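Raw contents of start.txt, compact mmCIF, C-alpha atoms:
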# COMPACT_ATOMS: atom_id res chain seq x y z
CA MET A 422 97.47 116.67 -178.01
CA PRO A 423 94.37 114.56 -177.32
CA TYR A 424 90.86 115.98 -176.93
CA PRO A 425 89.51 117.63 -174.82
CA ASN A 426 92.82 119.38 -173.95
CA GLU A 427 93.27 120.49 -177.57
CA LEU A 428 89.79 122.03 -177.57
CA PHE A 429 90.50 124.10 -174.45
CA LYS A 430 93.93 125.13 -175.70
CA LYS A 431 92.53 126.41 -179.00
CA ILE A 432 89.74 128.38 -177.30
CA ILE A 433 92.19 130.03 -174.87
CA GLN A 434 94.61 130.76 -177.74
CA GLU A 435 91.88 132.38 -179.84
CA GLN A 436 90.64 134.47 -176.92
CA GLY A 437 94.27 135.47 -176.28
CA GLN A 438 94.45 136.94 -179.79
CA ILE A 439 91.51 139.20 -178.92
CA ILE A 440 91.90 140.15 -175.26
CA GLY A 441 95.59 139.36 -174.78
CA ARG A 442 97.21 136.17 -173.54
CA LYS A 443 97.50 137.29 -169.92
CA LEU A 444 93.81 138.07 -169.53
CA ALA A 445 92.78 134.96 -171.47
CA HIS A 446 94.88 132.84 -169.07
CA SER A 447 93.69 134.60 -165.91
CA ARG A 448 90.05 134.05 -166.87
CA ALA A 449 90.78 130.37 -167.56
CA ASP A 450 92.54 130.10 -164.18
CA TYR A 451 89.52 131.69 -162.50
CA VAL A 452 87.23 129.02 -163.94
CA GLY A 453 89.17 126.23 -162.26
CA GLY A 454 89.59 122.68 -163.52
CA LEU A 455 92.35 123.71 -165.92
CA GLN A 456 96.08 123.25 -165.37
CA PHE A 457 98.52 125.17 -167.61
CA LYS A 458 101.74 123.29 -168.35
CA SER A 459 103.69 126.55 -167.85
CA GLN A 460 102.96 130.27 -167.65
CA MET A 461 104.44 130.82 -171.10
CA SER A 462 102.50 128.02 -172.75
CA ASP A 463 98.88 127.66 -173.87
CA ASP A 464 99.11 123.90 -173.38
CA VAL A 465 96.51 123.03 -170.83
CA GLU A 466 95.22 119.94 -169.09
CA VAL A 467 91.59 119.53 -168.04
CA THR A 468 91.47 118.28 -164.46
CA ASN A 469 87.72 118.58 -163.95
CA GLU A 470 84.61 117.39 -165.77
CA PRO A 471 85.12 118.76 -169.34
CA LYS A 472 81.49 119.74 -170.00
CA VAL A 473 81.20 121.78 -166.80
CA THR A 474 84.65 123.31 -167.26
CA LEU A 475 83.92 124.28 -170.88
CA SER A 476 80.61 125.86 -169.90
CA ARG A 477 82.33 127.84 -167.15
CA LEU A 478 85.18 128.88 -169.46
CA ILE A 479 82.82 130.18 -172.15
CA SER A 480 80.72 132.01 -169.52
CA SER A 481 83.90 133.57 -168.18
CA TYR A 482 84.88 134.93 -171.62
CA ALA A 483 81.29 136.07 -172.18
CA GLU A 484 81.75 138.49 -169.27
CA VAL A 485 84.17 140.46 -171.47
CA PHE A 486 82.22 141.10 -174.71
CA GLY A 487 79.03 139.06 -174.29
CA GLN A 488 77.73 136.87 -177.12
CA SER A 489 80.53 138.07 -179.42
CA SER A 490 83.03 136.36 -177.07
CA VAL A 491 80.86 133.22 -177.08
CA ASP A 492 80.84 133.25 -180.89
CA VAL A 493 84.64 133.20 -180.90
CA CYS A 494 84.51 129.97 -178.86
CA ILE A 495 81.81 128.53 -181.12
CA ASP A 496 83.95 129.24 -184.21
CA VAL A 497 86.87 127.38 -182.62
CA ILE A 498 84.62 124.40 -181.81
CA LYS A 499 83.28 124.42 -185.38
CA SER A 500 86.85 124.30 -186.71
CA LEU A 501 87.41 120.96 -184.94
CA PRO A 502 85.94 117.57 -185.97
CA TYR A 503 82.46 117.49 -184.44
CA SER A 504 82.59 113.75 -183.76
CA GLU A 505 85.73 114.28 -181.62
CA VAL A 506 84.47 117.18 -179.53
CA ALA A 507 80.70 116.57 -179.28
CA GLN A 508 81.02 114.50 -176.08
CA TYR A 509 82.68 117.47 -174.29
CA LEU A 510 80.13 120.08 -175.31
CA PRO A 511 77.44 121.30 -172.90
CA GLU A 512 73.88 121.24 -174.21
CA ASN A 513 73.57 125.02 -174.73
CA ILE A 514 76.77 125.05 -176.81
CA ILE A 515 75.73 122.09 -178.95
CA THR A 516 72.62 124.00 -180.00
CA GLN A 517 74.80 126.91 -181.08
CA VAL A 518 77.34 124.76 -182.95
CA HIS A 519 74.64 122.75 -184.69
CA PRO A 520 71.14 124.20 -184.35
CA ASN A 521 69.72 120.65 -184.67
CA GLY A 522 72.55 119.06 -182.71
CA ALA A 523 70.68 118.74 -179.43
CA THR A 524 68.50 116.01 -180.86
CA ARG A 525 71.44 113.85 -181.99
CA MET B 665 89.86 158.78 -163.76
CA SER B 666 86.50 158.34 -165.49
CA LYS B 667 84.84 160.62 -162.90
CA ILE B 668 87.54 163.30 -163.30
CA LEU B 669 87.07 163.28 -167.07
CA LYS B 670 83.28 163.47 -166.73
CA GLY B 671 83.70 166.44 -164.37
CA PHE B 672 86.14 168.09 -166.77
CA LEU B 673 83.75 167.59 -169.66
CA ALA B 674 80.79 168.97 -167.70
CA LEU B 675 82.80 172.04 -166.63
CA SER B 676 84.01 172.64 -170.19
CA VAL B 677 80.44 172.49 -171.56
CA THR B 678 79.31 174.88 -168.81
CA TYR B 679 82.20 177.22 -169.68
CA TRP B 680 81.14 177.14 -173.35
CA LEU B 681 77.56 178.06 -172.38
CA PHE B 682 79.01 180.91 -170.31
CA LEU B 683 80.81 182.13 -173.46
CA LEU B 684 77.65 181.80 -175.54
CA PHE B 685 75.42 183.75 -173.15
CA THR B 686 77.87 186.39 -171.88
CA ASN B 687 79.68 186.94 -175.19
CA PRO B 688 82.84 188.43 -173.57
CA VAL B 689 84.89 190.96 -175.53
CA ASN B 690 88.34 189.85 -174.42
CA ASP B 691 89.86 187.17 -176.73
CA ILE B 692 91.46 185.35 -173.84
CA TYR B 693 88.13 183.83 -172.78
CA TYR B 694 87.75 182.14 -176.19
CA ASN B 695 91.40 181.08 -176.36
CA VAL B 696 90.99 179.31 -173.00
CA PHE B 697 88.49 177.00 -174.73
CA GLY B 698 91.10 176.33 -177.41
CA PHE B 699 93.50 175.25 -174.66
CA LEU B 700 90.86 172.93 -173.17
CA LEU B 701 90.56 171.36 -176.62
CA MET B 702 94.35 170.90 -176.64
CA PHE B 703 94.63 169.48 -173.12
CA LEU B 704 91.81 166.90 -173.24
CA PRO B 705 93.17 164.82 -176.17
CA LEU B 706 96.58 164.69 -174.47
CA VAL B 707 94.95 163.24 -171.33
CA GLY B 708 92.98 160.79 -173.50
CA PHE B 709 96.15 159.75 -175.33
CA VAL B 710 98.05 159.05 -172.08
CA VAL B 711 95.07 157.15 -170.61
CA GLY B 712 94.58 155.14 -173.83
CA ILE B 713 98.22 154.09 -174.15
CA SER B 714 98.37 153.16 -170.48
CA ILE B 715 95.13 151.10 -170.61
CA SER B 716 96.19 149.42 -173.89
CA LYS B 717 99.13 147.86 -172.01
CA GLN B 718 96.62 145.96 -169.85
CA TRP B 719 95.44 144.34 -173.10
CA GLU B 720 99.04 143.68 -174.19
CA GLY B 721 99.13 146.52 -176.72
CA LEU B 722 99.70 145.52 -180.33
CA LYS B 723 99.67 141.82 -179.44
CA SER B 724 95.86 141.71 -179.04
CA LYS B 725 93.00 143.03 -181.15
CA VAL B 726 91.56 145.06 -178.28
CA GLY B 727 95.00 146.50 -177.45
CA ARG B 728 95.54 147.46 -181.10
CA SER B 729 92.19 149.25 -181.32
CA LEU B 730 92.99 151.25 -178.16
CA ILE B 731 96.39 152.25 -179.53
CA PHE B 732 94.83 153.47 -182.79
CA VAL B 733 92.20 155.52 -180.91
CA SER B 734 94.98 156.97 -178.74
CA LEU B 735 97.00 157.89 -181.84
CA SER B 736 93.96 159.76 -183.18
CA LEU B 737 93.89 161.75 -179.94
CA LEU B 738 97.63 162.39 -180.25
CA MET B 739 97.04 163.83 -183.75
CA TRP B 740 94.30 166.01 -182.22
CA PHE B 741 96.68 167.23 -179.54
CA ILE B 742 99.56 168.06 -181.94
CA GLY B 743 97.24 169.62 -184.54
CA GLN B 744 95.43 171.74 -181.97
CA SER B 745 98.73 172.83 -180.33
CA LEU B 746 100.02 174.05 -183.70
CA TYR B 747 96.65 175.67 -184.45
CA LEU B 748 96.84 177.62 -181.19
CA PHE B 749 100.46 178.52 -181.85
CA TYR B 750 99.55 180.07 -185.22
CA ALA B 751 96.37 181.67 -183.88
CA LEU B 752 98.09 183.34 -180.94
CA LYS B 753 101.33 184.28 -182.70
CA THR B 754 100.12 185.50 -186.09
CA GLY B 755 96.35 185.72 -185.57
CA ASP B 756 95.86 183.82 -188.80
CA VAL B 757 95.90 180.04 -189.29
CA PRO B 758 96.72 179.00 -192.89
CA PHE B 759 94.59 176.38 -194.65
CA PRO B 760 95.98 173.97 -195.41
CA GLY B 761 98.69 174.59 -192.86
CA LEU B 762 100.94 172.65 -190.54
CA PRO B 763 98.05 171.73 -188.14
CA ASP B 764 96.21 170.05 -191.04
CA TYR B 765 99.12 167.67 -191.62
CA PHE B 766 98.22 166.20 -188.20
CA PHE B 767 94.42 166.68 -188.21
CA ILE B 768 94.34 164.72 -191.47
CA PHE B 769 95.46 161.56 -189.62
CA ILE B 770 92.62 161.63 -187.05
CA ASP B 771 90.14 159.80 -189.29
CA PRO B 772 92.57 157.16 -190.64
CA PHE B 773 93.52 156.16 -187.08
CA TYR B 774 89.83 156.03 -186.05
CA ALA B 775 89.16 153.90 -189.15
CA LEU B 776 91.96 151.49 -188.19
CA ALA B 777 90.60 151.29 -184.64
CA LEU B 778 87.07 150.60 -185.89
CA PHE B 779 88.41 147.95 -188.27
CA SER B 780 89.92 146.15 -185.25
CA ILE B 781 86.72 146.61 -183.22
CA LEU B 782 84.68 145.23 -186.14
CA LYS B 783 86.59 141.97 -185.77
CA TYR B 784 85.97 141.41 -182.06
CA SER B 785 82.58 143.06 -181.53
CA GLY B 786 80.65 140.22 -183.10
CA ALA B 787 80.03 142.19 -186.30
CA THR B 788 82.01 139.74 -188.43
CA THR B 789 79.83 136.84 -187.25
CA ASN B 790 76.74 138.67 -188.44
CA MET B 791 78.40 139.47 -191.78
CA LYS B 792 77.73 135.86 -192.78
CA ARG B 793 73.97 136.55 -192.60
CA SER B 794 72.06 137.70 -195.65
CA TRP B 795 70.65 140.91 -194.07
CA ALA B 796 74.22 141.97 -193.33
CA HIS B 797 75.10 141.97 -197.04
CA LEU B 798 72.39 144.56 -197.57
CA VAL B 799 73.77 146.67 -194.70
CA LEU B 800 77.30 146.35 -196.12
CA LEU B 801 76.05 147.68 -199.45
CA ILE B 802 73.69 150.40 -198.22
CA VAL B 803 75.79 152.01 -195.46
CA PRO B 804 78.85 153.00 -197.57
CA LEU B 805 76.61 154.23 -200.45
CA PHE B 806 74.45 156.23 -198.03
CA SER B 807 77.59 157.62 -196.40
CA ILE B 808 79.05 158.73 -199.77
CA PHE B 809 75.75 160.32 -200.80
CA LEU B 810 75.30 162.13 -197.46
CA ASN B 811 78.86 163.43 -197.36
CA TYR B 812 78.65 164.57 -200.96
CA GLN B 813 75.42 166.47 -200.20
CA ILE B 814 76.92 168.08 -197.09
CA PHE B 815 80.39 168.94 -198.31
CA PHE B 816 80.47 169.04 -202.13
CA SER B 817 77.02 169.61 -203.57
CA ASP B 818 78.38 172.30 -205.89
CA LEU B 819 80.20 170.71 -208.85
CA GLU B 820 82.02 174.00 -209.59
CA TYR B 821 84.09 173.15 -206.57
CA PHE B 822 86.03 170.45 -208.41
CA LYS B 823 87.06 172.66 -211.35
CA THR B 824 90.13 173.98 -209.54
CA ILE B 825 92.02 171.38 -207.58
CA ASP B 826 94.38 173.31 -205.32
CA PRO B 827 95.92 172.24 -201.98
CA SER B 828 92.89 173.40 -199.98
CA VAL B 829 90.52 171.34 -202.18
CA THR B 830 92.87 168.35 -201.90
CA PHE B 831 92.79 168.59 -198.11
CA ASP B 832 89.01 169.00 -198.14
CA LEU B 833 88.72 165.85 -200.26
CA ILE B 834 90.99 163.87 -197.94
CA TYR B 835 89.04 165.08 -194.88
CA THR B 836 85.77 164.09 -196.54
CA PHE B 837 87.08 160.70 -197.67
CA GLY B 838 88.16 160.10 -194.06
CA SER B 839 84.68 161.05 -192.83
CA ILE B 840 83.04 158.65 -195.31
CA VAL B 841 85.23 155.75 -194.20
CA VAL B 842 84.85 156.45 -190.46
CA MET B 843 81.11 157.03 -190.69
CA SER B 844 80.65 153.80 -192.70
CA PHE B 845 82.76 151.81 -190.25
CA VAL B 846 81.03 153.15 -187.14
CA ILE B 847 77.51 152.51 -188.49
CA LEU B 848 78.49 149.06 -189.77
CA THR B 849 80.03 148.13 -186.43
CA ILE B 850 77.03 149.35 -184.41
CA VAL B 851 74.41 147.72 -186.68
CA LEU B 852 76.23 144.42 -187.19
CA SER B 853 77.20 143.95 -183.55
CA ILE B 854 73.96 145.13 -181.96
CA ASN B 855 72.72 141.62 -181.03
CA LYS B 856 76.19 140.29 -180.20
CA LEU B 857 78.03 142.90 -178.17
CA GLY B 858 77.61 142.61 -174.43
CA GLY B 859 79.62 141.93 -171.30
CA LYS B 860 81.50 144.35 -169.12
CA MET B 861 83.24 146.11 -172.03
CA ARG B 862 80.11 147.01 -173.99
CA THR B 863 79.72 150.42 -172.32
CA ALA B 864 83.35 151.25 -173.07
CA LEU B 865 82.86 150.52 -176.76
CA TYR B 866 79.62 152.51 -176.93
CA TYR B 867 81.42 155.54 -175.45
CA LEU B 868 83.92 155.25 -178.32
CA PHE B 869 81.18 154.88 -180.94
CA VAL B 870 79.19 157.88 -179.69
CA GLY B 871 82.41 159.91 -179.37
CA ILE B 872 83.34 159.16 -182.99
CA ILE B 873 79.80 160.09 -184.11
CA PHE B 874 80.22 163.45 -182.33
CA GLN B 875 83.48 163.94 -184.22
CA TYR B 876 81.52 163.53 -187.46
CA ILE B 877 78.78 165.93 -186.31
CA GLY B 878 81.56 168.39 -185.43
CA ASP B 879 82.99 168.07 -188.96
CA VAL B 880 79.55 168.75 -190.44
CA ALA B 881 79.04 171.75 -188.12
CA TYR B 882 82.51 173.06 -189.04
CA SER B 883 81.65 172.85 -192.72
CA PHE B 884 78.31 174.57 -192.08
CA PHE B 885 80.00 177.36 -190.10
CA GLU B 886 82.55 177.91 -192.86
CA ALA B 887 79.70 178.36 -195.37
CA ASN B 888 77.41 180.43 -193.10
CA SER B 889 79.40 182.88 -190.99
CA SER B 890 76.28 184.34 -189.36
CA SER B 891 74.54 181.46 -187.70
CA PHE B 892 72.44 180.92 -184.65
CA PHE B 893 75.20 179.80 -182.30
CA SER B 894 77.84 182.35 -183.34
CA MET B 895 79.45 184.52 -180.66
CA THR B 896 79.49 188.01 -182.10
CA ASN B 897 82.46 189.20 -180.04
CA ASN B 898 84.55 186.13 -180.83
CA LYS B 899 87.31 187.25 -183.21
CA THR B 900 89.44 184.16 -182.56
CA GLY B 901 89.04 180.78 -184.24
CA ASN B 902 88.41 179.17 -180.86
CA GLY B 903 85.26 178.31 -178.93
CA ALA B 904 82.77 178.12 -181.81
CA LEU B 905 80.07 175.38 -181.82
CA PRO B 906 82.20 172.87 -183.80
CA ASP B 907 84.89 173.19 -181.09
CA LEU B 908 82.29 172.28 -178.45
CA LEU B 909 81.25 169.23 -180.48
CA PHE B 910 84.90 168.19 -180.93
CA LEU B 911 85.48 168.61 -177.20
CA ILE B 912 82.44 166.42 -176.38
CA SER B 913 83.71 163.85 -178.90
CA ILE B 914 87.19 163.73 -177.37
CA GLY B 915 85.76 163.72 -173.83
CA LEU B 916 83.49 160.73 -174.56
CA ILE B 917 86.33 158.86 -176.24
CA ALA B 918 88.68 159.55 -173.31
CA ILE B 919 86.01 158.36 -170.83
CA GLY B 920 85.48 155.27 -173.00
CA LEU B 921 89.21 154.53 -172.87
CA THR B 922 89.19 154.64 -169.05
CA LYS B 923 86.32 152.11 -169.08
CA PHE B 924 88.59 149.59 -170.82
CA ASP B 925 90.38 149.21 -167.50
CA THR B 926 90.64 145.44 -166.94
CA LYS B 927 90.30 145.74 -163.14
CA PRO B 928 86.59 144.64 -163.12
CA LEU B 929 87.58 141.61 -165.21
CA ASN B 930 90.30 140.62 -162.77
CA ASP B 931 88.18 141.19 -159.68
CA PHE B 932 86.89 137.65 -159.51
CA LYS B 933 85.28 138.02 -156.10
CA GLU B 934 82.52 140.17 -157.56
CA GLN B 935 81.84 137.92 -160.49
CA THR B 936 79.25 135.25 -160.65
CA ASN B 937 80.58 132.01 -161.96
CA ALA B 938 77.42 131.23 -163.82
CA VAL B 939 77.23 127.88 -165.45
CA SER B 940 74.58 128.11 -168.07

Translate this structure into structure tokens?
Amino acid sequence: MPYPNELFKKIIQEQGQIIGRKLAHSRADYVGGLQFKSQMSDDVEVTNEPKVTLSRLISSYAEVFGQSSVDVCIDVIKSLPYSEVAQYLPENIITQVHPNGATR
Amino acid sequence: MSKILKGFLALSVTYWLFLLFTNPVNDIYYNVFGFLLMFLPLVGFVVGISISKQWEGLKSKVGRSLIFVSLSLLMWFIGQSLYLFYALKTGDVPFPGLPDYFFIFIDPFYALALFSILKYSGATTNMKRSWAHLVLLIVPLFSIFLNYQIFFSDLEYFKTIDPSVTFDLIYTFGSIVVMSFVILTIVLSINKLGGKMRTALYYLFVGIIFQYIGDVAYSFFEANSSSFFSMTNNKTGNGALPDLLFLISIGLIAIGLTKFDTKPLNDFKEQTNAVS
């Protein structure tokens, strides 16, 4: 699966492990700009501007457990090759993934 | 449901104060408090299991933690029911007796719940930091030292290991583990935990702390029969100060469980779609 879809899928999957798949999906649906292939699948397609959608998605999960929910997303991003995902990351997330990343 | 439980808790505390200040002679007044302590964990258990389904039960970390907390309350309910059965039928509750075989599982289930919470509260992220290593070292050692001072400061105690000592040791070991976990989770997640579920988790934390305070008070009451808060006319084992502390603990935990209701998270109209 090409980026950025893979990035979104992994974040939703990881959040699903914590808050349950149903809630993780409903919060992703609420954000908009994301199209699930099926209700039973975490495969997702980004239909909106990835940076804005990612920012909205992370903010949506942050409403559950605050910064701890954000950290879960950051850990997923860190697990992926930075060069592949950097172009889809909003500024405030880049600074959290790489404290000096904003200047790159 | 949260409001009903808060009302129930407030009425129960008021009833306990009534017992303390009026000191009634008839045992039934004290036994009523024992029944309140039996009823509340059952309500908490039902609420917890029902709310855990909203988080997909064992399939998610949050769901798992709610199930473990609920199982602790179930152990409370069964243990207290058996305690009351013995107390009312024979007037004497053996130690260790059948109720203890259920009470003994309260702490392990709380520990399992806290272990799950530790993983999603942001505490694990902070564990990578150097100050957290110090906390991880100090908290368990402090907990062991404190529990030893409170429960077993007399070494003579260990010379005869009989069933009652074995149960005391298991209870204390449970307290050490739960106390360590709760402090670790609070300290390590303090700058991470937020969002709409923070209050729910803090109700659980404070409730579990009250459980520990209740254990300490119980131990203190066992050692000092004539204490400040004793009810001189109370010949039953019900309604003493530790029972009040246990009731507050269970009440706070039950209220916390209701606050895990996912309705506010699914009510998207009220939410701000903030793009930071």

Would you be able to write out as a PyMOL selection string which residues have an atom within 10 Å of (81.8, 149.7, -175.3) in the file's coordinates, counting only C-alpha atoms? (chain A and resi 486) or (chain B and resi 781+785+857-870+920-921+923-924)

Produce a file of the selected residues containing C-alpha atoms, as an mmCIF file, in the coordinates of the input.
data_model
loop_
_atom_site.group_PDB
_atom_site.id
_atom_site.type_symbol
_atom_site.label_atom_id
_atom_site.label_comp_id
_atom_site.auth_asym_id
_atom_site.auth_seq_id
_atom_site.Cartn_x
_atom_site.Cartn_y
_atom_site.Cartn_z
ATOM 1 C CA PHE A 486 82.220 141.100 -174.710
ATOM 2 C CA ILE B 781 86.720 146.610 -183.220
ATOM 3 C CA SER B 785 82.580 143.060 -181.530
ATOM 4 C CA LEU B 857 78.030 142.900 -178.170
ATOM 5 C CA GLY B 858 77.610 142.610 -174.430
ATOM 6 C CA GLY B 859 79.620 141.930 -171.300
ATOM 7 C CA LYS B 860 81.500 144.350 -169.120
ATOM 8 C CA MET B 861 83.240 146.110 -172.030
ATOM 9 C CA ARG B 862 80.110 147.010 -173.990
ATOM 10 C CA THR B 863 79.720 150.420 -172.320
ATOM 11 C CA ALA B 864 83.350 151.250 -173.070
ATOM 12 C CA LEU B 865 82.860 150.520 -176.760
ATOM 13 C CA TYR B 866 79.620 152.510 -176.930
ATOM 14 C CA TYR B 867 81.420 155.540 -175.450
ATOM 15 C CA LEU B 868 83.920 155.250 -178.320
ATOM 16 C CA PHE B 869 81.180 154.880 -180.940
ATOM 17 C CA VAL B 870 79.190 157.880 -179.690
ATOM 18 C CA GLY B 920 85.480 155.270 -173.000
ATOM 19 C CA LEU B 921 89.210 154.530 -172.870
ATOM 20 C CA LYS B 923 86.320 152.110 -169.080
ATOM 21 C CA PHE B 924 88.590 149.590 -170.820
#

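Atom pair CA of Ser480 (chain A) / CA of Gly871 (chain B) has a distance of 29.6 Å (rounded to one decimal).
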
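Atom to atom, CA of Lys443 (chain A) and CA of Ser736 (chain B) stand 26.3 Å apart.
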
Within 12 Å of Thr468 (chain A), counting all atoms listed in the file, which residues show up once you throw out same-chain ones fewer than 5 positions away? Write them as an mmCIF file with C-alpha atoms, in the coordinates of the input, please.
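Output file around00.cif is given in full below:
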data_model
loop_
_atom_site.group_PDB
_atom_site.id
_atom_site.type_symbol
_atom_site.label_atom_id
_atom_site.label_comp_id
_atom_site.auth_asym_id
_atom_site.auth_seq_id
_atom_site.Cartn_x
_atom_site.Cartn_y
_atom_site.Cartn_z
ATOM 1 C CA PRO A 425 89.510 117.630 -174.820
ATOM 2 C CA ASN A 426 92.820 119.380 -173.950
ATOM 3 C CA PHE A 429 90.500 124.100 -174.450
ATOM 4 C CA ASP A 450 92.540 130.100 -164.180
ATOM 5 C CA VAL A 452 87.230 129.020 -163.940
ATOM 6 C CA GLY A 453 89.170 126.230 -162.260
ATOM 7 C CA GLY A 454 89.590 122.680 -163.520
ATOM 8 C CA LEU A 455 92.350 123.710 -165.920
ATOM 9 C CA GLN A 456 96.080 123.250 -165.370
ATOM 10 C CA PHE A 457 98.520 125.170 -167.610
ATOM 11 C CA VAL A 473 81.200 121.780 -166.800
ATOM 12 C CA THR A 474 84.650 123.310 -167.260
ATOM 13 C CA LEU A 475 83.920 124.280 -170.880
#

Between B:Lys717, B:Lys725, B:Lys670, B:Arg793, single out the one closest to chain A, counting all atoms listed in the file. B:Lys725

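Considering all atoms listed in the file, the residue among A:Ala445, A:Met461, A:Val493, A:Leu428 positioned nearest to Val506 (chain A) is A:Leu428.
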
Counting only C-alpha atoms, give me one row per residue of chain A with an atom at most 9 Å from an atom of chain B, showing the shortest contact pair and its distance in Å to one decimal, sorted by chain then residue number, as CSV.
residue,atom,partner,partner_atom,distance
A:Gly437,CA,B:Ser724,CA,7.0
A:Gln438,CA,B:Ser724,CA,5.0
A:Ile439,CA,B:Lys725,CA,4.7
A:Ile440,CA,B:Ser724,CA,5.7
A:Gly441,CA,B:Ser724,CA,4.9
A:Arg442,CA,B:Glu720,CA,7.8
A:Lys443,CA,B:Glu720,CA,7.8
A:Leu444,CA,B:Trp719,CA,7.4
A:Ser447,CA,B:Asn930,CA,7.6
A:Arg448,CA,B:Asn930,CA,7.7
A:Tyr451,CA,B:Phe932,CA,7.2
A:Val452,CA,B:Asn937,CA,7.6
A:Val473,CA,B:Val939,CA,7.4
A:Thr474,CA,B:Val939,CA,8.9
A:Ser476,CA,B:Val939,CA,5.9
A:Arg477,CA,B:Val939,CA,5.4
A:Leu478,CA,B:Val939,CA,9.0
A:Ser480,CA,B:Ala938,CA,6.6
A:Ser481,CA,B:Asn937,CA,7.2
A:Tyr482,CA,B:Gly859,CA,8.8
A:Ala483,CA,B:Gly859,CA,6.2
A:Glu484,CA,B:Gly859,CA,4.5
A:Val485,CA,B:Gly859,CA,4.8
A:Phe486,CA,B:Gly859,CA,4.4
A:Gly487,CA,B:Gly858,CA,3.8
A:Gln488,CA,B:Lys856,CA,4.9
A:Ser489,CA,B:Gly786,CA,4.3
A:Ser490,CA,B:Gly786,CA,7.5
A:Asp492,CA,B:Gly786,CA,7.3
A:Val493,CA,B:Gly786,CA,8.4
A:Pro511,CA,B:Ser940,CA,8.8
A:Asn513,CA,B:Ser940,CA,7.4

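For the set A:Leu510, A:Ile432, A:Tyr503, A:His446, the residue with the smallest atom-to-atom gap to Glu470 (chain A) is A:Leu510, counting all atoms listed in the file.
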
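Closest to Trp795 (chain B) among B:Leu916, B:Ile668, B:Val880, B:Leu852 is B:Leu852, based on all atoms listed in the file.
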
Separating CA of Val799 (chain B) from CA of Leu848 (chain B), to the nearest tenth of an Å, is a gap of 7.2 Å

Tell me which of B:Ile692, B:Leu752, B:Ile834, B:Val711 sits closest to Phe767 (chain B), counting all atoms listed in the file. B:Ile834

Within 12 Å of Phe806 (chain B), counting all atoms listed in the file, which residues qualify if same-chain residues fewer than 3 places away don't, as a tab-separated table (two decimals) with C-alpha atoms, in the coordinates of the input?
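Writing the result to result-v4.tsv gives the following:
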chain	number	residue	atom	x	y	z
B	798	LEU	CA	72.39	144.56	-197.57
B	799	VAL	CA	73.77	146.67	-194.70
B	800	LEU	CA	77.30	146.35	-196.12
B	801	LEU	CA	76.05	147.68	-199.45
B	802	ILE	CA	73.69	150.40	-198.22
B	803	VAL	CA	75.79	152.01	-195.46
B	809	PHE	CA	75.75	160.32	-200.80
B	810	LEU	CA	75.30	162.13	-197.46
B	811	ASN	CA	78.86	163.43	-197.36
B	812	TYR	CA	78.65	164.57	-200.96
B	813	GLN	CA	75.42	166.47	-200.20
B	840	ILE	CA	83.04	158.65	-195.31
B	841	VAL	CA	85.23	155.75	-194.20
B	843	MET	CA	81.11	157.03	-190.69
B	844	SER	CA	80.65	153.80	-192.70
B	847	ILE	CA	77.51	152.51	-188.49
B	848	LEU	CA	78.49	149.06	-189.77

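Among B:Asn687, B:Tyr750, B:Phe837, B:Leu782, the residue with the shortest atom-to-atom distance to Phe769 (chain B), counting only C-alpha atoms, is B:Phe837.
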
I want to know what sits within 8 Å of Cys494 (chain A), based on all atoms listed in the file, with residues of the same chain fewer than 5 positions away left out; could you give that as a CSV table (one decimal) with C-alpha atoms, in the frame of the given file?
chain,number,residue,atom,x,y,z
A,432,ILE,CA,89.7,128.4,-177.3
A,435,GLU,CA,91.9,132.4,-179.8
A,436,GLN,CA,90.6,134.5,-176.9
A,479,ILE,CA,82.8,130.2,-172.2
